[in-house]
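Source file run.txt; content: compact mmCIF, N, CA and C atoms.
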# COMPACT_ATOMS: atom_id res chain seq x y z
N MET F 1 -23.35 26.62 65.11
CA MET F 1 -22.76 26.04 63.91
C MET F 1 -23.37 24.66 63.66
N THR F 2 -23.63 24.39 62.39
CA THR F 2 -24.08 23.06 62.00
C THR F 2 -22.87 22.26 61.57
N ARG F 3 -22.74 21.07 62.12
CA ARG F 3 -21.66 20.16 61.76
C ARG F 3 -22.28 19.05 60.92
N VAL F 4 -21.75 18.88 59.71
CA VAL F 4 -22.21 17.82 58.82
C VAL F 4 -21.07 16.83 58.66
N GLU F 5 -21.36 15.57 58.94
CA GLU F 5 -20.39 14.50 58.77
C GLU F 5 -20.88 13.61 57.63
N ILE F 6 -19.99 13.34 56.69
CA ILE F 6 -20.29 12.43 55.60
C ILE F 6 -19.38 11.22 55.75
N PHE F 7 -19.98 10.06 55.78
CA PHE F 7 -19.24 8.81 55.98
C PHE F 7 -19.13 8.09 54.65
N ARG F 8 -17.90 7.71 54.31
CA ARG F 8 -17.64 7.01 53.05
C ARG F 8 -17.00 5.65 53.33
N LYS F 9 -17.26 4.74 52.43
CA LYS F 9 -16.56 3.45 52.44
C LYS F 9 -16.18 3.16 51.00
N ASN F 10 -14.89 2.95 50.78
CA ASN F 10 -14.35 2.76 49.41
C ASN F 10 -14.74 3.92 48.51
N GLY F 11 -14.75 5.12 49.08
CA GLY F 11 -15.03 6.33 48.33
C GLY F 11 -16.51 6.65 48.15
N ARG F 12 -17.39 5.70 48.40
CA ARG F 12 -18.84 5.91 48.23
C ARG F 12 -19.47 6.35 49.55
N ILE F 13 -20.42 7.27 49.46
CA ILE F 13 -21.12 7.75 50.66
C ILE F 13 -22.03 6.65 51.17
N VAL F 14 -21.87 6.31 52.47
CA VAL F 14 -22.70 5.27 53.09
C VAL F 14 -23.57 5.83 54.21
N GLY F 15 -23.38 7.10 54.53
CA GLY F 15 -24.19 7.73 55.56
C GLY F 15 -23.79 9.17 55.75
N TYR F 16 -24.68 9.91 56.43
CA TYR F 16 -24.35 11.29 56.79
C TYR F 16 -25.15 11.71 58.00
N LYS F 17 -24.62 12.72 58.68
CA LYS F 17 -25.24 13.19 59.92
C LYS F 17 -25.06 14.69 60.03
N ALA F 18 -26.08 15.37 60.51
CA ALA F 18 -25.99 16.81 60.76
C ALA F 18 -26.47 17.09 62.18
N THR F 19 -25.73 17.96 62.87
CA THR F 19 -26.11 18.35 64.23
C THR F 19 -25.91 19.85 64.39
N GLY F 20 -26.76 20.44 65.18
CA GLY F 20 -26.60 21.85 65.54
C GLY F 20 -27.35 22.78 64.61
N HIS F 21 -27.30 24.05 64.95
CA HIS F 21 -27.95 25.11 64.19
C HIS F 21 -26.90 26.02 63.58
N SER F 22 -27.18 26.53 62.41
CA SER F 22 -26.19 27.36 61.72
C SER F 22 -26.02 28.73 62.38
N ASP F 23 -27.07 29.23 63.04
CA ASP F 23 -27.02 30.52 63.74
C ASP F 23 -26.63 31.67 62.81
N TYR F 24 -27.01 31.58 61.55
CA TYR F 24 -26.74 32.67 60.61
C TYR F 24 -27.72 33.82 60.84
N ALA F 25 -28.98 33.47 61.14
CA ALA F 25 -30.01 34.48 61.38
C ALA F 25 -31.05 33.87 62.33
N GLU F 26 -32.04 34.65 62.67
CA GLU F 26 -33.08 34.17 63.57
C GLU F 26 -33.92 33.10 62.90
N TYR F 27 -34.55 32.28 63.74
CA TYR F 27 -35.42 31.21 63.26
C TYR F 27 -36.44 31.78 62.28
N GLY F 28 -36.61 31.10 61.16
CA GLY F 28 -37.55 31.54 60.14
C GLY F 28 -36.93 32.46 59.10
N GLU F 29 -35.72 32.97 59.38
CA GLU F 29 -35.05 33.86 58.44
C GLU F 29 -33.64 33.38 58.10
N ASP F 30 -33.29 32.20 58.57
CA ASP F 30 -31.94 31.67 58.42
C ASP F 30 -31.78 30.96 57.07
N ILE F 31 -31.22 31.68 56.10
CA ILE F 31 -31.07 31.11 54.76
C ILE F 31 -30.06 29.97 54.72
N VAL F 32 -29.07 29.99 55.60
CA VAL F 32 -28.08 28.91 55.64
C VAL F 32 -28.75 27.64 56.14
N CYS F 33 -29.55 27.76 57.19
CA CYS F 33 -30.29 26.62 57.72
C CYS F 33 -31.23 26.05 56.65
N ALA F 34 -31.92 26.93 55.94
CA ALA F 34 -32.85 26.48 54.90
C ALA F 34 -32.11 25.75 53.78
N ALA F 35 -30.97 26.28 53.36
CA ALA F 35 -30.19 25.64 52.29
C ALA F 35 -29.66 24.29 52.74
N LEU F 36 -29.15 24.21 53.97
CA LEU F 36 -28.65 22.94 54.49
C LEU F 36 -29.78 21.92 54.62
N SER F 37 -30.91 22.35 55.14
CA SER F 37 -32.04 21.43 55.29
C SER F 37 -32.43 20.85 53.94
N MET F 38 -32.51 21.69 52.93
CA MET F 38 -32.87 21.22 51.59
C MET F 38 -31.79 20.27 51.06
N ALA F 39 -30.53 20.65 51.20
CA ALA F 39 -29.44 19.82 50.68
C ALA F 39 -29.42 18.44 51.34
N LEU F 40 -29.71 18.37 52.63
CA LEU F 40 -29.62 17.11 53.37
C LEU F 40 -30.88 16.27 53.28
N GLN F 41 -32.03 16.90 53.15
CA GLN F 41 -33.28 16.14 53.10
C GLN F 41 -33.66 15.71 51.68
N MET F 42 -33.18 16.43 50.67
CA MET F 42 -33.50 16.08 49.28
C MET F 42 -33.05 14.66 48.92
N PRO F 43 -31.82 14.24 49.24
CA PRO F 43 -31.44 12.88 48.88
C PRO F 43 -32.25 11.82 49.65
N LEU F 44 -32.64 12.15 50.88
CA LEU F 44 -33.46 11.22 51.66
C LEU F 44 -34.81 11.02 50.97
N GLY F 45 -35.45 12.12 50.57
CA GLY F 45 -36.71 12.02 49.84
C GLY F 45 -36.55 11.32 48.50
N GLY F 46 -35.46 11.62 47.81
CA GLY F 46 -35.19 10.96 46.53
C GLY F 46 -35.01 9.46 46.67
N MET F 47 -34.30 9.06 47.73
CA MET F 47 -34.12 7.63 47.97
C MET F 47 -35.47 6.94 48.18
N GLN F 48 -36.28 7.53 49.05
CA GLN F 48 -37.54 6.90 49.42
C GLN F 48 -38.60 6.99 48.32
N ASP F 49 -38.83 8.18 47.81
CA ASP F 49 -39.97 8.40 46.93
C ASP F 49 -39.67 8.17 45.45
N VAL F 50 -38.44 8.36 45.02
CA VAL F 50 -38.11 8.20 43.60
C VAL F 50 -37.46 6.83 43.36
N LEU F 51 -36.42 6.52 44.14
CA LEU F 51 -35.71 5.26 43.94
C LEU F 51 -36.34 4.08 44.68
N GLU F 52 -37.27 4.37 45.58
CA GLU F 52 -37.95 3.35 46.38
C GLU F 52 -36.98 2.50 47.18
N LEU F 53 -36.01 3.19 47.80
CA LEU F 53 -35.05 2.55 48.69
C LEU F 53 -35.41 2.94 50.12
N ILE F 54 -34.97 2.12 51.07
CA ILE F 54 -35.35 2.35 52.46
C ILE F 54 -34.11 2.46 53.34
N PRO F 55 -33.57 3.68 53.49
CA PRO F 55 -32.43 3.86 54.40
C PRO F 55 -32.91 3.96 55.85
N LYS F 56 -31.99 3.72 56.77
CA LYS F 56 -32.29 4.00 58.18
C LYS F 56 -32.04 5.48 58.40
N PHE F 57 -32.93 6.15 59.13
CA PHE F 57 -32.71 7.57 59.40
C PHE F 57 -33.43 8.00 60.66
N ASP F 58 -32.89 9.07 61.25
CA ASP F 58 -33.48 9.76 62.40
C ASP F 58 -33.45 11.25 62.08
N ILE F 59 -34.52 11.94 62.42
CA ILE F 59 -34.58 13.38 62.20
C ILE F 59 -35.42 13.99 63.30
N ASP F 60 -35.05 15.20 63.72
CA ASP F 60 -35.87 15.93 64.67
C ASP F 60 -35.87 17.41 64.32
N SER F 61 -36.65 18.18 65.01
CA SER F 61 -36.77 19.61 64.70
C SER F 61 -35.71 20.44 65.40
N ASP F 62 -34.76 19.77 66.04
CA ASP F 62 -33.73 20.49 66.79
C ASP F 62 -32.37 20.47 66.08
N GLY F 63 -32.38 20.31 64.76
CA GLY F 63 -31.14 20.38 64.01
C GLY F 63 -30.38 19.07 63.90
N TYR F 64 -31.07 17.95 64.08
CA TYR F 64 -30.40 16.64 64.02
C TYR F 64 -30.98 15.82 62.86
N LEU F 65 -30.09 15.26 62.06
CA LEU F 65 -30.47 14.33 60.99
C LEU F 65 -29.36 13.31 60.85
N ARG F 66 -29.76 12.04 60.80
CA ARG F 66 -28.80 10.96 60.57
C ARG F 66 -29.41 10.03 59.54
N VAL F 67 -28.64 9.75 58.48
CA VAL F 67 -29.07 8.83 57.43
C VAL F 67 -27.98 7.78 57.27
N ASP F 68 -28.40 6.51 57.29
CA ASP F 68 -27.45 5.39 57.22
C ASP F 68 -27.89 4.42 56.13
N MET F 69 -27.05 4.27 55.10
CA MET F 69 -27.36 3.35 54.01
C MET F 69 -26.59 2.03 54.11
N ARG F 70 -25.84 1.85 55.18
CA ARG F 70 -25.08 0.60 55.34
C ARG F 70 -26.07 -0.56 55.43
N GLY F 71 -25.86 -1.56 54.61
CA GLY F 71 -26.72 -2.74 54.64
C GLY F 71 -28.04 -2.56 53.89
N MET F 72 -28.27 -1.39 53.31
CA MET F 72 -29.51 -1.15 52.58
C MET F 72 -29.46 -1.87 51.23
N ASP F 73 -30.57 -2.45 50.81
CA ASP F 73 -30.67 -3.06 49.49
C ASP F 73 -30.79 -1.94 48.46
N ASN F 74 -29.75 -1.75 47.66
CA ASN F 74 -29.73 -0.68 46.66
C ASN F 74 -30.50 -1.02 45.40
N LYS F 75 -30.97 -2.24 45.28
CA LYS F 75 -31.79 -2.70 44.15
C LYS F 75 -31.16 -2.37 42.79
N GLY F 76 -29.82 -2.39 42.74
CA GLY F 76 -29.13 -2.11 41.49
C GLY F 76 -29.13 -0.63 41.10
N LYS F 77 -29.48 0.23 42.02
CA LYS F 77 -29.60 1.67 41.72
C LYS F 77 -28.42 2.47 42.29
N GLU F 78 -27.24 1.85 42.31
CA GLU F 78 -26.07 2.50 42.88
C GLU F 78 -25.73 3.81 42.18
N ARG F 79 -25.83 3.82 40.86
CA ARG F 79 -25.48 5.03 40.11
C ARG F 79 -26.40 6.20 40.47
N GLU F 80 -27.69 5.94 40.52
CA GLU F 80 -28.66 6.99 40.87
C GLU F 80 -28.45 7.45 42.31
N LEU F 81 -28.21 6.49 43.20
CA LEU F 81 -27.98 6.80 44.61
C LEU F 81 -26.72 7.65 44.76
N ASP F 82 -25.65 7.25 44.08
CA ASP F 82 -24.40 8.02 44.15
C ASP F 82 -24.59 9.45 43.63
N THR F 83 -25.38 9.61 42.58
CA THR F 83 -25.64 10.94 42.03
C THR F 83 -26.35 11.81 43.05
N LEU F 84 -27.37 11.28 43.70
CA LEU F 84 -28.07 12.02 44.76
C LEU F 84 -27.10 12.44 45.86
N LEU F 85 -26.32 11.48 46.35
CA LEU F 85 -25.47 11.73 47.51
C LEU F 85 -24.28 12.63 47.19
N GLU F 86 -23.67 12.47 46.02
CA GLU F 86 -22.54 13.32 45.67
C GLU F 86 -23.01 14.76 45.40
N SER F 87 -24.22 14.92 44.88
CA SER F 87 -24.79 16.25 44.69
C SER F 87 -24.99 16.92 46.05
N MET F 88 -25.49 16.16 47.02
CA MET F 88 -25.66 16.68 48.38
C MET F 88 -24.31 17.10 48.96
N ALA F 89 -23.31 16.23 48.82
CA ALA F 89 -21.98 16.52 49.36
C ALA F 89 -21.40 17.79 48.74
N LEU F 90 -21.59 17.97 47.45
CA LEU F 90 -21.09 19.16 46.77
C LEU F 90 -21.78 20.42 47.30
N MET F 91 -23.09 20.35 47.50
CA MET F 91 -23.82 21.50 48.00
C MET F 91 -23.37 21.84 49.43
N VAL F 92 -23.20 20.85 50.27
CA VAL F 92 -22.76 21.09 51.65
C VAL F 92 -21.34 21.65 51.66
N GLU F 93 -20.48 21.12 50.79
CA GLU F 93 -19.11 21.64 50.69
C GLU F 93 -19.12 23.12 50.30
N ASN F 94 -19.94 23.47 49.33
CA ASN F 94 -20.03 24.87 48.90
C ASN F 94 -20.56 25.76 50.03
N LEU F 95 -21.55 25.29 50.76
CA LEU F 95 -22.08 26.07 51.88
C LEU F 95 -21.03 26.24 52.97
N SER F 96 -20.24 25.20 53.22
CA SER F 96 -19.21 25.30 54.26
C SER F 96 -18.11 26.28 53.87
N LYS F 97 -17.85 26.42 52.59
CA LYS F 97 -16.85 27.40 52.12
C LYS F 97 -17.41 28.81 52.15
N GLU F 98 -18.68 28.95 51.79
CA GLU F 98 -19.32 30.25 51.74
C GLU F 98 -19.64 30.80 53.14
N TYR F 99 -19.96 29.90 54.06
CA TYR F 99 -20.36 30.28 55.42
C TYR F 99 -19.56 29.48 56.45
N PRO F 100 -18.24 29.68 56.51
CA PRO F 100 -17.40 28.86 57.38
C PRO F 100 -17.68 29.03 58.88
N LYS F 101 -18.31 30.12 59.27
CA LYS F 101 -18.66 30.31 60.68
C LYS F 101 -19.95 29.59 61.04
N ASN F 102 -20.67 29.10 60.04
CA ASN F 102 -21.98 28.52 60.27
C ASN F 102 -22.10 27.05 59.90
N VAL F 103 -21.21 26.57 59.03
CA VAL F 103 -21.29 25.18 58.55
C VAL F 103 -19.90 24.58 58.57
N LYS F 104 -19.79 23.42 59.20
CA LYS F 104 -18.52 22.68 59.18
C LYS F 104 -18.78 21.32 58.57
N LEU F 105 -18.02 20.98 57.55
CA LEU F 105 -18.14 19.70 56.86
C LEU F 105 -16.94 18.83 57.23
N VAL F 106 -17.24 17.60 57.65
CA VAL F 106 -16.20 16.63 57.98
C VAL F 106 -16.52 15.35 57.19
N GLU F 107 -15.55 14.90 56.41
CA GLU F 107 -15.74 13.65 55.68
C GLU F 107 -14.83 12.59 56.30
N LYS F 108 -15.40 11.40 56.50
CA LYS F 108 -14.66 10.32 57.14
C LYS F 108 -14.71 9.09 56.26
N GLU F 109 -13.55 8.50 56.00
CA GLU F 109 -13.47 7.26 55.23
C GLU F 109 -13.42 6.10 56.22
N GLU F 110 -14.34 5.16 56.07
CA GLU F 110 -14.39 3.99 56.95
C GLU F 110 -13.57 2.86 56.36
N LYS F 111 -13.09 2.01 57.22
CA LYS F 111 -12.32 0.83 56.77
C LYS F 111 -13.21 -0.34 56.53
Encoded form (structure tokens):
Amino acid sequence: MTRVEIFRKNGRIVGYKATGHSDYAEYGEDIVCAALSMALQMPLGGMQDVLELIPKFDIDSDGYLRVDMRGMDNKGKERELDTLLESMALMVENLSKEYPKNVKLVEKEEK
């Protein structure tokens, strides 16, 4: 199972993390893994290549991704950033409902 954690502060997404494998199908044929990978990596690419923002992140080929925007200079692009991140959250939420044995979504509000 892939566990996705979305961290919010004052309702806005400030980071997210994914761990584990969805185990829906064998490597190379796992459509749930492919959908999650796209959903989670798209906002990271959008931040870097389109919005020219620099979040802190770690990623490996073993099902781990962590993205942290706390303290990042948003350069006045909060609206665009929120659109990317909320779209990601919606896609992950839909995947967790469609494949509850393979994807678990946990949202945490920070103080």
Taking into account all atoms listed in the file, which residue in the set F:Asn10, F:Asn74, F:Ser22, F:Thr83 is nearest to Val103 (chain F)?
-> F:Ser22
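Counting only N, CA and C atoms, region 54-65 of chain F has the following residues at most 6.5 Å away, ignoring those fewer than 3 positions along the same chain: Tyr16, Lys17, Ala18, Thr19, Gly20, His21, Met47, Gln48, Asp68, Met69, Met72 and Asp73 of chain F.
Among the candidates F:Val32, F:Met1, F:Ile13, F:Ala39, the one nearest to Met88 (chain F) when counting only N, CA and C atoms is F:Ala39.
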Do you have the CA of Glu86 (chain F)-atom N of Glu107 (chain F) distance handy?
-> 12.9 Å
Hey, what does DSSP flag as strand (DSSP E) within chain F? Can you give it to me as an NGL selection string?
-> :F and (2-9 or 12-19 or 56-59 or 65-68 or 103-110)
Restricting the output to N, CA and C atoms, write the selected residues as an mmCIF file, keeping the file's coordinate frame.
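Result file part-v1.cif:
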data_model
loop_
_atom_site.group_PDB
_atom_site.id
_atom_site.type_symbol
_atom_site.label_atom_id
_atom_site.label_comp_id
_atom_site.auth_asym_id
_atom_site.auth_seq_id
_atom_site.Cartn_x
_atom_site.Cartn_y
_atom_site.Cartn_z
ATOM 1 N N THR F 2 -23.630 24.390 62.390
ATOM 2 C CA THR F 2 -24.080 23.060 62.000
ATOM 3 C C THR F 2 -22.870 22.260 61.570
ATOM 4 N N ARG F 3 -22.740 21.070 62.120
ATOM 5 C CA ARG F 3 -21.660 20.160 61.760
ATOM 6 C C ARG F 3 -22.280 19.050 60.920
ATOM 7 N N VAL F 4 -21.750 18.880 59.710
ATOM 8 C CA VAL F 4 -22.210 17.820 58.820
ATOM 9 C C VAL F 4 -21.070 16.830 58.660
ATOM 10 N N GLU F 5 -21.360 15.570 58.940
ATOM 11 C CA GLU F 5 -20.390 14.500 58.770
ATOM 12 C C GLU F 5 -20.880 13.610 57.630
ATOM 13 N N ILE F 6 -19.990 13.340 56.690
ATOM 14 C CA ILE F 6 -20.290 12.430 55.600
ATOM 15 C C ILE F 6 -19.380 11.220 55.750
ATOM 16 N N PHE F 7 -19.980 10.060 55.780
ATOM 17 C CA PHE F 7 -19.240 8.810 55.980
ATOM 18 C C PHE F 7 -19.130 8.090 54.650
ATOM 19 N N ARG F 8 -17.900 7.710 54.310
ATOM 20 C CA ARG F 8 -17.640 7.010 53.050
ATOM 21 C C ARG F 8 -17.000 5.650 53.330
ATOM 22 N N LYS F 9 -17.260 4.740 52.430
ATOM 23 C CA LYS F 9 -16.560 3.450 52.440
ATOM 24 C C LYS F 9 -16.180 3.160 51.000
ATOM 25 N N ARG F 12 -17.390 5.700 48.400
ATOM 26 C CA ARG F 12 -18.840 5.910 48.230
ATOM 27 C C ARG F 12 -19.470 6.350 49.550
ATOM 28 N N ILE F 13 -20.420 7.270 49.460
ATOM 29 C CA ILE F 13 -21.120 7.750 50.660
ATOM 30 C C ILE F 13 -22.030 6.650 51.170
ATOM 31 N N VAL F 14 -21.870 6.310 52.470
ATOM 32 C CA VAL F 14 -22.700 5.270 53.090
ATOM 33 C C VAL F 14 -23.570 5.830 54.210
ATOM 34 N N GLY F 15 -23.380 7.100 54.530
ATOM 35 C CA GLY F 15 -24.190 7.730 55.560
ATOM 36 C C GLY F 15 -23.790 9.170 55.750
ATOM 37 N N TYR F 16 -24.680 9.910 56.430
ATOM 38 C CA TYR F 16 -24.350 11.290 56.790
ATOM 39 C C TYR F 16 -25.150 11.710 58.000
ATOM 40 N N LYS F 17 -24.620 12.720 58.680
ATOM 41 C CA LYS F 17 -25.240 13.190 59.920
ATOM 42 C C LYS F 17 -25.060 14.690 60.030
ATOM 43 N N ALA F 18 -26.080 15.370 60.510
ATOM 44 C CA ALA F 18 -25.990 16.810 60.760
ATOM 45 C C ALA F 18 -26.470 17.090 62.180
ATOM 46 N N THR F 19 -25.730 17.960 62.870
ATOM 47 C CA THR F 19 -26.110 18.350 64.230
ATOM 48 C C THR F 19 -25.910 19.850 64.390
ATOM 49 N N LYS F 56 -31.990 3.720 56.770
ATOM 50 C CA LYS F 56 -32.290 4.000 58.180
ATOM 51 C C LYS F 56 -32.040 5.480 58.400
ATOM 52 N N PHE F 57 -32.930 6.150 59.130
ATOM 53 C CA PHE F 57 -32.710 7.570 59.400
ATOM 54 C C PHE F 57 -33.430 8.000 60.660
ATOM 55 N N ASP F 58 -32.890 9.070 61.250
ATOM 56 C CA ASP F 58 -33.480 9.760 62.400
ATOM 57 C C ASP F 58 -33.450 11.250 62.080
ATOM 58 N N ILE F 59 -34.520 11.940 62.420
ATOM 59 C CA ILE F 59 -34.580 13.380 62.200
ATOM 60 C C ILE F 59 -35.420 13.990 63.300
ATOM 61 N N LEU F 65 -30.090 15.260 62.060
ATOM 62 C CA LEU F 65 -30.470 14.330 60.990
ATOM 63 C C LEU F 65 -29.360 13.310 60.850
ATOM 64 N N ARG F 66 -29.760 12.040 60.800
ATOM 65 C CA ARG F 66 -28.800 10.960 60.570
ATOM 66 C C ARG F 66 -29.410 10.030 59.540
ATOM 67 N N VAL F 67 -28.640 9.750 58.480
ATOM 68 C CA VAL F 67 -29.070 8.830 57.430
ATOM 69 C C VAL F 67 -27.980 7.780 57.270
ATOM 70 N N ASP F 68 -28.400 6.510 57.290
ATOM 71 C CA ASP F 68 -27.450 5.390 57.220
ATOM 72 C C ASP F 68 -27.890 4.420 56.130
ATOM 73 N N VAL F 103 -21.210 26.570 59.030
ATOM 74 C CA VAL F 103 -21.290 25.180 58.550
ATOM 75 C C VAL F 103 -19.900 24.580 58.570
ATOM 76 N N LYS F 104 -19.790 23.420 59.200
ATOM 77 C CA LYS F 104 -18.520 22.680 59.180
ATOM 78 C C LYS F 104 -18.780 21.320 58.570
ATOM 79 N N LEU F 105 -18.020 20.980 57.550
ATOM 80 C CA LEU F 105 -18.140 19.700 56.860
ATOM 81 C C LEU F 105 -16.940 18.830 57.230
ATOM 82 N N VAL F 106 -17.240 17.600 57.650
ATOM 83 C CA VAL F 106 -16.200 16.630 57.980
ATOM 84 C C VAL F 106 -16.520 15.350 57.190
ATOM 85 N N GLU F 107 -15.550 14.900 56.410
ATOM 86 C CA GLU F 107 -15.740 13.650 55.680
ATOM 87 C C GLU F 107 -14.830 12.590 56.300
ATOM 88 N N LYS F 108 -15.400 11.400 56.500
ATOM 89 C CA LYS F 108 -14.660 10.320 57.140
ATOM 90 C C LYS F 108 -14.710 9.090 56.260
ATOM 91 N N GLU F 109 -13.550 8.500 56.000
ATOM 92 C CA GLU F 109 -13.470 7.260 55.230
ATOM 93 C C GLU F 109 -13.420 6.100 56.220
ATOM 94 N N GLU F 110 -14.340 5.160 56.070
ATOM 95 C CA GLU F 110 -14.390 3.990 56.950
ATOM 96 C C GLU F 110 -13.570 2.860 56.360
#
Given only N, CA and C atoms as the counted atoms, nearest of F:Leu81, F:Cys33, F:Val67, F:Val14 to Gly46 (chain F) | F:Leu81
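Here the question is which of F:Gly28, F:Lys75, F:Asp49, F:Leu40 gets nearest to Val92 (chain F) using all atoms listed in the file, and that residue is F:Leu40.
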Determine the nearest neighbour of Leu44 (chain F) from the options F:Leu85, F:Val4, F:Met91, F:Pro100, counting all atoms listed in the file.
->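 Closest residue, counting all atoms listed in the file: F:Leu85.
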Determine which residues of chain F receive a DSSP assignment of helix (DSSP H, G or I), computed from the backbone, and state them as a compact mmCIF listing (two decimals) with N, CA and C atoms, in the coordinates of the input.
# COMPACT_ATOMS: atom_id res chain seq x y z
N ILE F 31 -31.22 31.68 56.10
CA ILE F 31 -31.07 31.11 54.76
C ILE F 31 -30.06 29.97 54.72
N VAL F 32 -29.07 29.99 55.60
CA VAL F 32 -28.08 28.91 55.64
C VAL F 32 -28.75 27.64 56.14
N CYS F 33 -29.55 27.76 57.19
CA CYS F 33 -30.29 26.62 57.72
C CYS F 33 -31.23 26.05 56.65
N ALA F 34 -31.92 26.93 55.94
CA ALA F 34 -32.85 26.48 54.90
C ALA F 34 -32.11 25.75 53.78
N ALA F 35 -30.97 26.28 53.36
CA ALA F 35 -30.19 25.64 52.29
C ALA F 35 -29.66 24.29 52.74
N LEU F 36 -29.15 24.21 53.97
CA LEU F 36 -28.65 22.94 54.49
C LEU F 36 -29.78 21.92 54.62
N SER F 37 -30.91 22.35 55.14
CA SER F 37 -32.04 21.43 55.29
C SER F 37 -32.43 20.85 53.94
N MET F 38 -32.51 21.69 52.93
CA MET F 38 -32.87 21.22 51.59
C MET F 38 -31.79 20.27 51.06
N ALA F 39 -30.53 20.65 51.20
CA ALA F 39 -29.44 19.82 50.68
C ALA F 39 -29.42 18.44 51.34
N LEU F 40 -29.71 18.37 52.63
CA LEU F 40 -29.62 17.11 53.37
C LEU F 40 -30.88 16.27 53.28
N GLN F 41 -32.03 16.90 53.15
CA GLN F 41 -33.28 16.14 53.10
C GLN F 41 -33.66 15.71 51.68
N MET F 42 -33.18 16.43 50.67
CA MET F 42 -33.50 16.08 49.28
C MET F 42 -33.05 14.66 48.92
N PRO F 43 -31.82 14.24 49.24
CA PRO F 43 -31.44 12.88 48.88
C PRO F 43 -32.25 11.82 49.65
N LEU F 44 -32.64 12.15 50.88
CA LEU F 44 -33.46 11.22 51.66
C LEU F 44 -34.81 11.02 50.97
N GLY F 45 -35.45 12.12 50.57
CA GLY F 45 -36.71 12.02 49.84
C GLY F 45 -36.55 11.32 48.50
N GLY F 46 -35.46 11.62 47.81
CA GLY F 46 -35.19 10.96 46.53
C GLY F 46 -35.01 9.46 46.67
N MET F 47 -34.30 9.06 47.73
CA MET F 47 -34.12 7.63 47.97
C MET F 47 -35.47 6.94 48.18
N GLN F 48 -36.28 7.53 49.05
CA GLN F 48 -37.54 6.90 49.42
C GLN F 48 -38.60 6.99 48.32
N ASP F 49 -38.83 8.18 47.81
CA ASP F 49 -39.97 8.40 46.93
C ASP F 49 -39.67 8.17 45.45
N VAL F 50 -38.44 8.36 45.02
CA VAL F 50 -38.11 8.20 43.60
C VAL F 50 -37.46 6.83 43.36
N GLU F 78 -27.24 1.85 42.31
CA GLU F 78 -26.07 2.50 42.88
C GLU F 78 -25.73 3.81 42.18
N ARG F 79 -25.83 3.82 40.86
CA ARG F 79 -25.48 5.03 40.11
C ARG F 79 -26.40 6.20 40.47
N GLU F 80 -27.69 5.94 40.52
CA GLU F 80 -28.66 6.99 40.87
C GLU F 80 -28.45 7.45 42.31
N LEU F 81 -28.21 6.49 43.20
CA LEU F 81 -27.98 6.80 44.61
C LEU F 81 -26.72 7.65 44.76
N ASP F 82 -25.65 7.25 44.08
CA ASP F 82 -24.40 8.02 44.15
C ASP F 82 -24.59 9.45 43.63
N THR F 83 -25.38 9.61 42.58
CA THR F 83 -25.64 10.94 42.03
C THR F 83 -26.35 11.81 43.05
N LEU F 84 -27.37 11.28 43.70
CA LEU F 84 -28.07 12.02 44.76
C LEU F 84 -27.10 12.44 45.86
N LEU F 85 -26.32 11.48 46.35
CA LEU F 85 -25.47 11.73 47.51
C LEU F 85 -24.28 12.63 47.19
N GLU F 86 -23.67 12.47 46.02
CA GLU F 86 -22.54 13.32 45.67
C GLU F 86 -23.01 14.76 45.40
N SER F 87 -24.22 14.92 44.88
CA SER F 87 -24.79 16.25 44.69
C SER F 87 -24.99 16.92 46.05
N MET F 88 -25.49 16.16 47.02
CA MET F 88 -25.66 16.68 48.38
C MET F 88 -24.31 17.10 48.96
N ALA F 89 -23.31 16.23 48.82
CA ALA F 89 -21.98 16.52 49.36
C ALA F 89 -21.40 17.79 48.74
N LEU F 90 -21.59 17.97 47.45
CA LEU F 90 -21.09 19.16 46.77
C LEU F 90 -21.78 20.42 47.30
N MET F 91 -23.09 20.35 47.50
CA MET F 91 -23.82 21.50 48.00
C MET F 91 -23.37 21.84 49.43
N VAL F 92 -23.20 20.85 50.27
CA VAL F 92 -22.76 21.09 51.65
C VAL F 92 -21.34 21.65 51.66
N GLU F 93 -20.48 21.12 50.79
CA GLU F 93 -19.11 21.64 50.69
C GLU F 93 -19.12 23.12 50.30
N ASN F 94 -19.94 23.47 49.33
CA ASN F 94 -20.03 24.87 48.90
C ASN F 94 -20.56 25.76 50.03
N LEU F 95 -21.55 25.29 50.76
CA LEU F 95 -22.08 26.07 51.88
C LEU F 95 -21.03 26.24 52.97
N SER F 96 -20.24 25.20 53.22
CA SER F 96 -19.21 25.30 54.26
C SER F 96 -18.11 26.28 53.87
N LYS F 97 -17.85 26.42 52.59
CA LYS F 97 -16.85 27.40 52.12
C LYS F 97 -17.41 28.81 52.15
N GLU F 98 -18.68 28.95 51.79
CA GLU F 98 -19.32 30.25 51.74
C GLU F 98 -19.64 30.80 53.14
Minimum-distance residue to Asp23 (chain F), chosen among F:Gly71, F:Asn102, F:Leu95, F:Leu36 (using only N, CA and C atoms) = F:Asn102
